[in-house]
Amino acid sequence: MAKFDTIKENYTFRRLYKSKHCYVYPQIVVYVAKNRLGVFRYGITTSKKVGNAVTRSRCRRVIRAALSMYKDEIESRNINASYDVVFVARVKCAHVKSFELYEPIGESLRRSGVIK
RNA sequence: AGAGCAGACUGAACAGUCGCGGGUACAGAACCGAAAGGUUGUAUGCGAGGAAAGUCCGGGCUCCUCAGGGCAAAAUGAAUAACGGCUAACAGCCGCCGGGGGCAACCCCAGGGAGAGUGCAACAGAGAUAUACCGCCGCAUUUUUGCGGUAAGGGUGGAAAGGCGAGGUAAGAGCUCACCGGCGCAGCCGAGAGGCUGCGGCCCUGUAAACCCUAUUCGGAGCAACACCGUGGAAGGACAAUACGAGCCCUGCGUGUCCUAUGGAGGUGGCAUUGAGCCGCUGCGGCAACGCACGGUCAAGAUAGAUGACUGUUUUUAACAGAACCCGGCUUACAGGUCUGGUCUUAAA
RNA sequence: GGAGGAUUACUCAAGUGGUGAAGAGGCUCCCCUGCUAAGGGAGUAGGUCGGGUAACCGGCGCGAGGGUUCAAAUCCCUUGUCCUCCG
């Protein structure tokens, strides 16, 4: 099972922030856009507003763990899942359990067409 | 038993399922890339802190600078500051002296020099380093003024010419004396800062975290340093030895060197098994910091940045908080807990 | 990761040891006007503590804490927040 690629360039993040497919939840904000690379990519943003370095690291880990629940579903449609997704952590994300993120991530991926 | 002081340690644990980053061993085909290189599977073992933080100091390392060695010059500037020691070094640590606080255990101190010089001391006050406003005393006098003496008293101020008491005097004053404080000299003790004793004379405003003086130390920049591989792009000029190659000097070396304007994206090394390393209920020296010997041990290494998620149990939701080249300190943040050694009060023996 | 800078009223800001912390905009009140705008004049940091019936007076207060000094926005140390630069 191959790992997902991550988004590294700043211009990619900026392109996603301008996209119309944006889903806001109390814990996170999700931006989705198609790309032409033929692979699924994701990125996680944790700004200094969220907290100190320990808190930001925990937000990234929780988001990554919740995304791994949908890994098989994304892999199964590998041919069509050519999307870029950015998760932005909000302040409430600091004290959240990972299963509280299953529903926001699943719903946003489903509505944007990444998974069925 | 209560209160308080100092030091050291710990920094939730265990089990299960899924997952992450390196190391080592084995396996081995293909792919990507210009190259350097990267990407896989299995097994095994490892995987954040006492502050990883702030970047306040000190070093290693690298470059400035072709190799080696020496000096870090001049100018400007910065840092430290009783004394003795420890350390690779330090603004650190230990001991000790002096001062201050506490009944005590103990704690705190940027703690050299104001008798080298300059500056500043607003307002108030008569006067701020110099003075006579009121007062006191003497003399003169037109009877309310002038001259002189005086720092005891008043008032101002952070600071007013050592403090206080006695003698003394016209009134006063270290003018004289006792005690205290400060200064100088001598003797003794101590490794030294310093301490004790005796004698002498009565001269000192404060500020150096104002300039400054004295002593000591410091070349600058920083791993985004730097070295290597480097698709693409790639031009011009100067010099030919009495030249160029380091801030200076010496020795050597080089022939092509130098300048404009050279290496952009990306990758690899630096970089983490060898160091001022860590551990020891070991031994010796030392009051201690620490040193020496002996034994054991190798322990994260990412590059958009690895430790997480879920379930169960204990006792609950666990404080402050995430390595980024590496070490030694300092400072700051911090829930709860453990241990050791002193002190005071009360009670008992 | 490293290097540097700033912080003063609601906002922009002056102030480099000395009495009560300039100035401008904004805001409040008054004058002018039939009414408003413009103009003119006056005032203005908030909080807290103490006193006073009140008007008001005094203390603390220049991001925070501590120190030097007779005296600190200013000098020194520690610390919070914000900003800029270095591939």
# chains A, B, ... in the order shown; residues from 1 in each chain; ligands from 1
$ residues_around --residues "C94 of chain B" --least-positions-apart "6" --cutoff "12 Å" --atoms "only C-alpha atoms (C1' of nucleotides)" --output "NGL selection string"
:B and (84-87 or 286-290)
$ write_last_selection --atoms "N, CA and C atoms (P, O5', C5', C4', C3', O3' and C1' of nucleotides)" --output "PDB file, in the first residue's frame"
ATOM      1  P     G B  84      43.735  36.323  44.279  1.00  0.00           P
ATOM      2  O5'   G B  84      43.486  34.834  44.730  1.00  0.00           O
ATOM      3  C5'   G B  84      44.294  34.242  45.739  1.00  0.00           C
ATOM      4  C4'   G B  84      43.768  32.900  46.159  1.00  0.00           C
ATOM      5  C3'   G B  84      43.609  31.866  45.055  1.00  0.00           C
ATOM      6  O3'   G B  84      44.824  31.239  44.697  1.00  0.00           O
ATOM      7  C1'   G B  84      41.678  31.872  46.401  1.00  0.00           C
ATOM      8  P     G B  85      44.978  30.713  43.152  1.00  0.00           P
ATOM      9  O5'   G B  85      43.849  29.593  43.026  1.00  0.00           O
ATOM     10  C5'   G B  85      44.156  28.233  43.276  1.00  0.00           C
ATOM     11  C4'   G B  85      42.919  27.410  43.513  1.00  0.00           C
ATOM     12  C3'   G B  85      42.357  26.656  42.324  1.00  0.00           C
ATOM     13  O3'   G B  85      43.064  25.475  42.033  1.00  0.00           O
ATOM     14  C1'   G B  85      40.586  27.675  43.523  1.00  0.00           C
ATOM     15  P     C B  86      43.184  24.978  40.482  1.00  0.00           P
ATOM     16  O5'   C B  86      41.712  24.498  40.126  1.00  0.00           O
ATOM     17  C5'   C B  86      41.146  23.370  40.792  1.00  0.00           C
ATOM     18  C4'   C B  86      39.752  23.098  40.284  1.00  0.00           C
ATOM     19  C3'   C B  86      39.613  22.919  38.789  1.00  0.00           C
ATOM     20  O3'   C B  86      39.967  21.609  38.378  1.00  0.00           O
ATOM     21  C1'   C B  86      37.889  24.338  39.579  1.00  0.00           C
ATOM     22  P     U B  87      40.829  21.392  37.027  1.00  0.00           P
ATOM     23  O5'   U B  87      39.826  21.803  35.862  1.00  0.00           O
ATOM     24  C5'   U B  87      38.618  21.072  35.666  1.00  0.00           C
ATOM     25  C4'   U B  87      37.693  21.825  34.735  1.00  0.00           C
ATOM     26  C3'   U B  87      38.279  22.192  33.387  1.00  0.00           C
ATOM     27  O3'   U B  87      38.231  21.107  32.484  1.00  0.00           O
ATOM     28  C1'   U B  87      37.108  24.042  34.301  1.00  0.00           C
ATOM     29  P     G B 286      43.544  14.387  51.219  1.00  0.00           P
ATOM     30  O5'   G B 286      42.672  15.579  50.626  1.00  0.00           O
ATOM     31  C5'   G B 286      43.314  16.752  50.152  1.00  0.00           C
ATOM     32  C4'   G B 286      42.340  17.662  49.426  1.00  0.00           C
ATOM     33  C3'   G B 286      41.075  18.036  50.188  1.00  0.00           C
ATOM     34  O3'   G B 286      41.284  19.049  51.156  1.00  0.00           O
ATOM     35  C1'   G B 286      40.507  17.421  47.981  1.00  0.00           C
ATOM     36  P     C B 287      40.627  18.877  52.626  1.00  0.00           P
ATOM     37  O5'   C B 287      39.071  18.697  52.343  1.00  0.00           O
ATOM     38  C5'   C B 287      38.226  18.162  53.350  1.00  0.00           C
ATOM     39  C4'   C B 287      36.915  18.898  53.390  1.00  0.00           C
ATOM     40  C3'   C B 287      36.147  18.957  52.075  1.00  0.00           C
ATOM     41  O3'   C B 287      35.329  17.812  51.897  1.00  0.00           O
ATOM     42  C1'   C B 287      36.239  21.112  53.053  1.00  0.00           C
ATOM     43  P     A B 288      35.326  17.074  50.463  1.00  0.00           P
ATOM     44  O5'   A B 288      34.604  18.105  49.479  1.00  0.00           O
ATOM     45  C5'   A B 288      33.211  18.354  49.589  1.00  0.00           C
ATOM     46  C4'   A B 288      32.829  19.599  48.820  1.00  0.00           C
ATOM     47  C3'   A B 288      33.010  19.510  47.312  1.00  0.00           C
ATOM     48  O3'   A B 288      31.848  18.982  46.686  1.00  0.00           O
ATOM     49  C1'   A B 288      34.012  21.506  48.130  1.00  0.00           C
ATOM     50  P     A B 289      31.994  18.125  45.323  1.00  0.00           P
ATOM     51  O5'   A B 289      32.196  19.251  44.201  1.00  0.00           O
ATOM     52  C5'   A B 289      31.103  20.066  43.787  1.00  0.00           C
ATOM     53  C4'   A B 289      31.598  21.230  42.965  1.00  0.00           C
ATOM     54  C3'   A B 289      32.333  20.856  41.684  1.00  0.00           C
ATOM     55  O3'   A B 289      31.449  20.617  40.603  1.00  0.00           O
ATOM     56  C1'   A B 289      33.592  22.452  42.886  1.00  0.00           C
ATOM     57  P     C B 290      31.438  19.197  39.843  1.00  0.00           P
ATOM     58  O5'   C B 290      32.978  18.873  39.613  1.00  0.00           O
ATOM     59  C5'   C B 290      33.725  19.492  38.576  1.00  0.00           C
ATOM     60  C4'   C B 290      35.202  19.518  38.921  1.00  0.00           C
ATOM     61  C3'   C B 290      36.006  18.312  38.451  1.00  0.00           C
ATOM     62  O3'   C B 290      36.368  18.391  37.091  1.00  0.00           O
ATOM     63  C1'   C B 290      36.542  18.782  40.705  1.00  0.00           C
TER      64        C B 290
END
$ interface_residues --of "chain A" --to "chain B" --cutoff "7 Å" --atoms "only C-alpha atoms (C1' of nucleotides)" --output "VMD selection string"
chain A and resid 8 53 to 54 61 65 98
$ closest_atom_pairs --of "segment 222-332 of chain B" --to "segment 69-82 of chain B" --cutoff "9 Å" --atoms "only C-alpha atoms (C1' of nucleotides)" --output "Markdown table"
| residue | atom | partner | partner_atom | distance |
| --- | --- | --- | --- | --- |
| B:G247 | C1' | B:A73 | C1' | 8.4 |
| B:C248 | C1' | B:A73 | C1' | 7.2 |
| B:C249 | C1' | B:C71 | C1' | 8.0 |
| B:C250 | C1' | B:G70 | C1' | 8.2 |
| B:U251 | C1' | B:G69 | C1' | 8.5 |
$ residues_around --residues "Arg14 of chain A" --least-positions-apart "4" --cutoff "12 Å" --atoms "only C-alpha atoms (C1' of nucleotides)" --output "PyMOL selection string"
chain A and resi 7-10+18-19+31-33+43+45+84-86
$ write_last_selection --atoms "N, CA and C atoms" --output "tab-separated table (two decimals), in the first residue's frame"
chain	number	residue	atom	x	y	z
A	7	ILE	N	1.46	17.77	-0.26
A	7	ILE	CA	1.61	19.03	-0.97
A	7	ILE	C	2.68	19.83	-0.25
A	8	LYS	N	3.66	20.32	-1.00
A	8	LYS	CA	4.78	21.02	-0.38
A	8	LYS	C	4.88	22.48	-0.81
A	9	GLU	N	4.41	22.80	-2.01
A	9	GLU	CA	4.69	24.12	-2.52
A	9	GLU	C	3.64	25.10	-2.03
A	10	ASN	N	4.11	26.30	-1.79
A	10	ASN	CA	3.23	27.32	-1.26
A	10	ASN	C	2.18	27.73	-2.29
A	18	LYS	N	-8.14	29.44	-2.88
A	18	LYS	CA	-9.04	30.22	-3.75
A	18	LYS	C	-10.15	29.36	-4.33
A	19	SER	N	-10.06	28.04	-4.18
A	19	SER	CA	-11.05	27.18	-4.83
A	19	SER	C	-12.41	27.31	-4.14
A	31	TYR	N	-10.34	22.13	2.00
A	31	TYR	CA	-10.35	22.68	0.65
A	31	TYR	C	-10.05	21.54	-0.31
A	32	VAL	N	-10.83	21.45	-1.41
A	32	VAL	CA	-10.66	20.37	-2.38
A	32	VAL	C	-10.59	20.98	-3.77
A	33	ALA	N	-9.69	20.43	-4.61
A	33	ALA	CA	-9.62	20.83	-6.01
A	33	ALA	C	-9.02	19.68	-6.81
A	43	GLY	N	-2.50	18.04	2.08
A	43	GLY	CA	-1.64	18.91	2.88
A	43	GLY	C	-2.37	19.31	4.14
A	45	THR	N	-2.44	22.25	7.26
A	45	THR	CA	-1.98	23.56	7.71
A	45	THR	C	-2.36	23.71	9.17
A	84	ASP	N	-6.43	17.33	-5.07
A	84	ASP	CA	-5.62	17.93	-4.01
A	84	ASP	C	-6.57	18.32	-2.89
A	85	VAL	N	-6.20	17.98	-1.65
A	85	VAL	CA	-7.01	18.30	-0.48
A	85	VAL	C	-6.12	18.96	0.55
A	86	VAL	N	-6.61	20.06	1.16
A	86	VAL	CA	-5.88	20.74	2.23
A	86	VAL	C	-6.77	20.78	3.45
$ residues_around --residues "segment 26-43 of chain C" --least-positions-apart "3" --cutoff "12 Å" --atoms "only C-alpha atoms (C1' of nucleotides)" --output "JSON, numbers by chain"
{"C": [9, 10, 11, 12]}
$ write_last_selection --atoms "C-alpha atoms (C1' of nucleotides)" --output "PDB file, in the first residue's frame"
ATOM      1  C1'   A C   9      -4.060  57.853  25.338  1.00  0.00           C
ATOM      2  C1'   C C  10      -9.089  55.096  20.771  1.00  0.00           C
ATOM      3  C1'   U C  11      -5.266  56.028  16.333  1.00  0.00           C
ATOM      4  C1'   C C  12      -0.589  58.348  14.485  1.00  0.00           C
TER       5        C C  12
END
$ residues_around --residues "segment 170-187 of chain B" --least-positions-apart "3" --cutoff "9 Å" --atoms "only C-alpha atoms (C1' of nucleotides)" --output "list in words"
C136, C137, G138, G149, U150, A151, A152, G162, G163, C164, G165, A166, G167, U197, G198, C199, G200, G201, C202, C203 and C204 of chain B
$ residues_around --residues "C77 of chain C" --least-positions-apart "6" --cutoff "12 Å" --atoms "only C-alpha atoms (C1' of nucleotides)" --output "list in words"
C56, A110, A209 and U331 of chain B; G65, G66, G67 and U68 of chain C
$ write_last_selection --atoms "C-alpha atoms (C1' of nucleotides)" --output "compact mmCIF listing (two decimals), in the first residue's frame"
# COMPACT_ATOMS: atom_id res chain seq x y z
C1' C B 56 21.73 35.60 27.34
C1' A B 110 27.03 44.34 38.80
C1' A B 209 23.94 50.25 35.60
C1' U B 331 17.67 32.40 32.62
C1' G C 65 8.60 42.38 36.75
C1' G C 66 13.07 43.68 39.36
C1' G C 67 17.50 46.76 40.17
C1' U C 68 21.03 51.43 40.11
$ residues_around --residues "A29 of chain B" --least-positions-apart "2" --cutoff "12 Å" --atoms "only C-alpha atoms (C1' of nucleotides)" --output "PDB file with N, CA and C atoms (P, O5', C5', C4', C3', O3' and C1' of nucleotides), in the first residue's frame"
ATOM      1  P     A B  27      21.900 -12.309   0.402  1.00  0.00           P
ATOM      2  O5'   A B  27      20.459 -12.113  -0.235  1.00  0.00           O
ATOM      3  C5'   A B  27      19.546 -13.210  -0.315  1.00  0.00           C
ATOM      4  C4'   A B  27      18.185 -12.744  -0.754  1.00  0.00           C
ATOM      5  C3'   A B  27      18.117 -12.047  -2.103  1.00  0.00           C
ATOM      6  O3'   A B  27      18.123 -12.955  -3.186  1.00  0.00           O
ATOM      7  C1'   A B  27      16.834 -10.850  -0.521  1.00  0.00           C
ATOM      8  P     C B  31      12.975  -1.098 -16.577  1.00  0.00           P
ATOM      9  O5'   C B  31      12.396   0.115 -15.726  1.00  0.00           O
ATOM     10  C5'   C B  31      11.000   0.396 -15.733  1.00  0.00           C
ATOM     11  C4'   C B  31      10.651   1.422 -14.674  1.00  0.00           C
ATOM     12  C3'   C B  31      11.308   2.781 -14.824  1.00  0.00           C
ATOM     13  O3'   C B  31      10.644   3.601 -15.779  1.00  0.00           O
ATOM     14  C1'   C B  31      11.467   2.095 -12.571  1.00  0.00           C
ATOM     15  P     U B  40      10.822   2.759  -0.383  1.00  0.00           P
ATOM     16  O5'   U B  40      10.688   1.350  -1.096  1.00  0.00           O
ATOM     17  C5'   U B  40       9.494   1.012  -1.797  1.00  0.00           C
ATOM     18  C4'   U B  40       9.449  -0.457  -2.100  1.00  0.00           C
ATOM     19  C3'   U B  40       9.400  -1.368  -0.896  1.00  0.00           C
ATOM     20  O3'   U B  40       8.080  -1.483  -0.360  1.00  0.00           O
ATOM     21  C1'   U B  40      10.995  -2.210  -2.446  1.00  0.00           C
ATOM     22  P     G B  41       7.914  -1.784   1.227  1.00  0.00           P
ATOM     23  O5'   G B  41       8.219  -3.334   1.339  1.00  0.00           O
ATOM     24  C5'   G B  41       7.357  -4.293   0.738  1.00  0.00           C
ATOM     25  C4'   G B  41       7.936  -5.680   0.860  1.00  0.00           C
ATOM     26  C3'   G B  41       8.242  -6.148   2.275  1.00  0.00           C
ATOM     27  O3'   G B  41       7.094  -6.644   2.927  1.00  0.00           O
ATOM     28  C1'   G B  41      10.090  -6.626   0.874  1.00  0.00           C
TER      29        G B  41
END
$ select_by_dssp --residues "chain A" --states "alpha helix (DSSP H)" --output "VMD selection string"
chain A and resid 10 to 17 53 to 68 71 to 76 102 to 112
$ closest_residue --among "B:U118, B:U144, B:U338, B:U10" --to "C211 of chain B" --atoms "only C-alpha atoms (C1' of nucleotides)"
B:U118
$ closest_residue --among "A:Arg111, A:Arg56, A:His21, A:Phe4" --to "Ser68 of chain A" --atoms "only C-alpha atoms"
A:Phe4
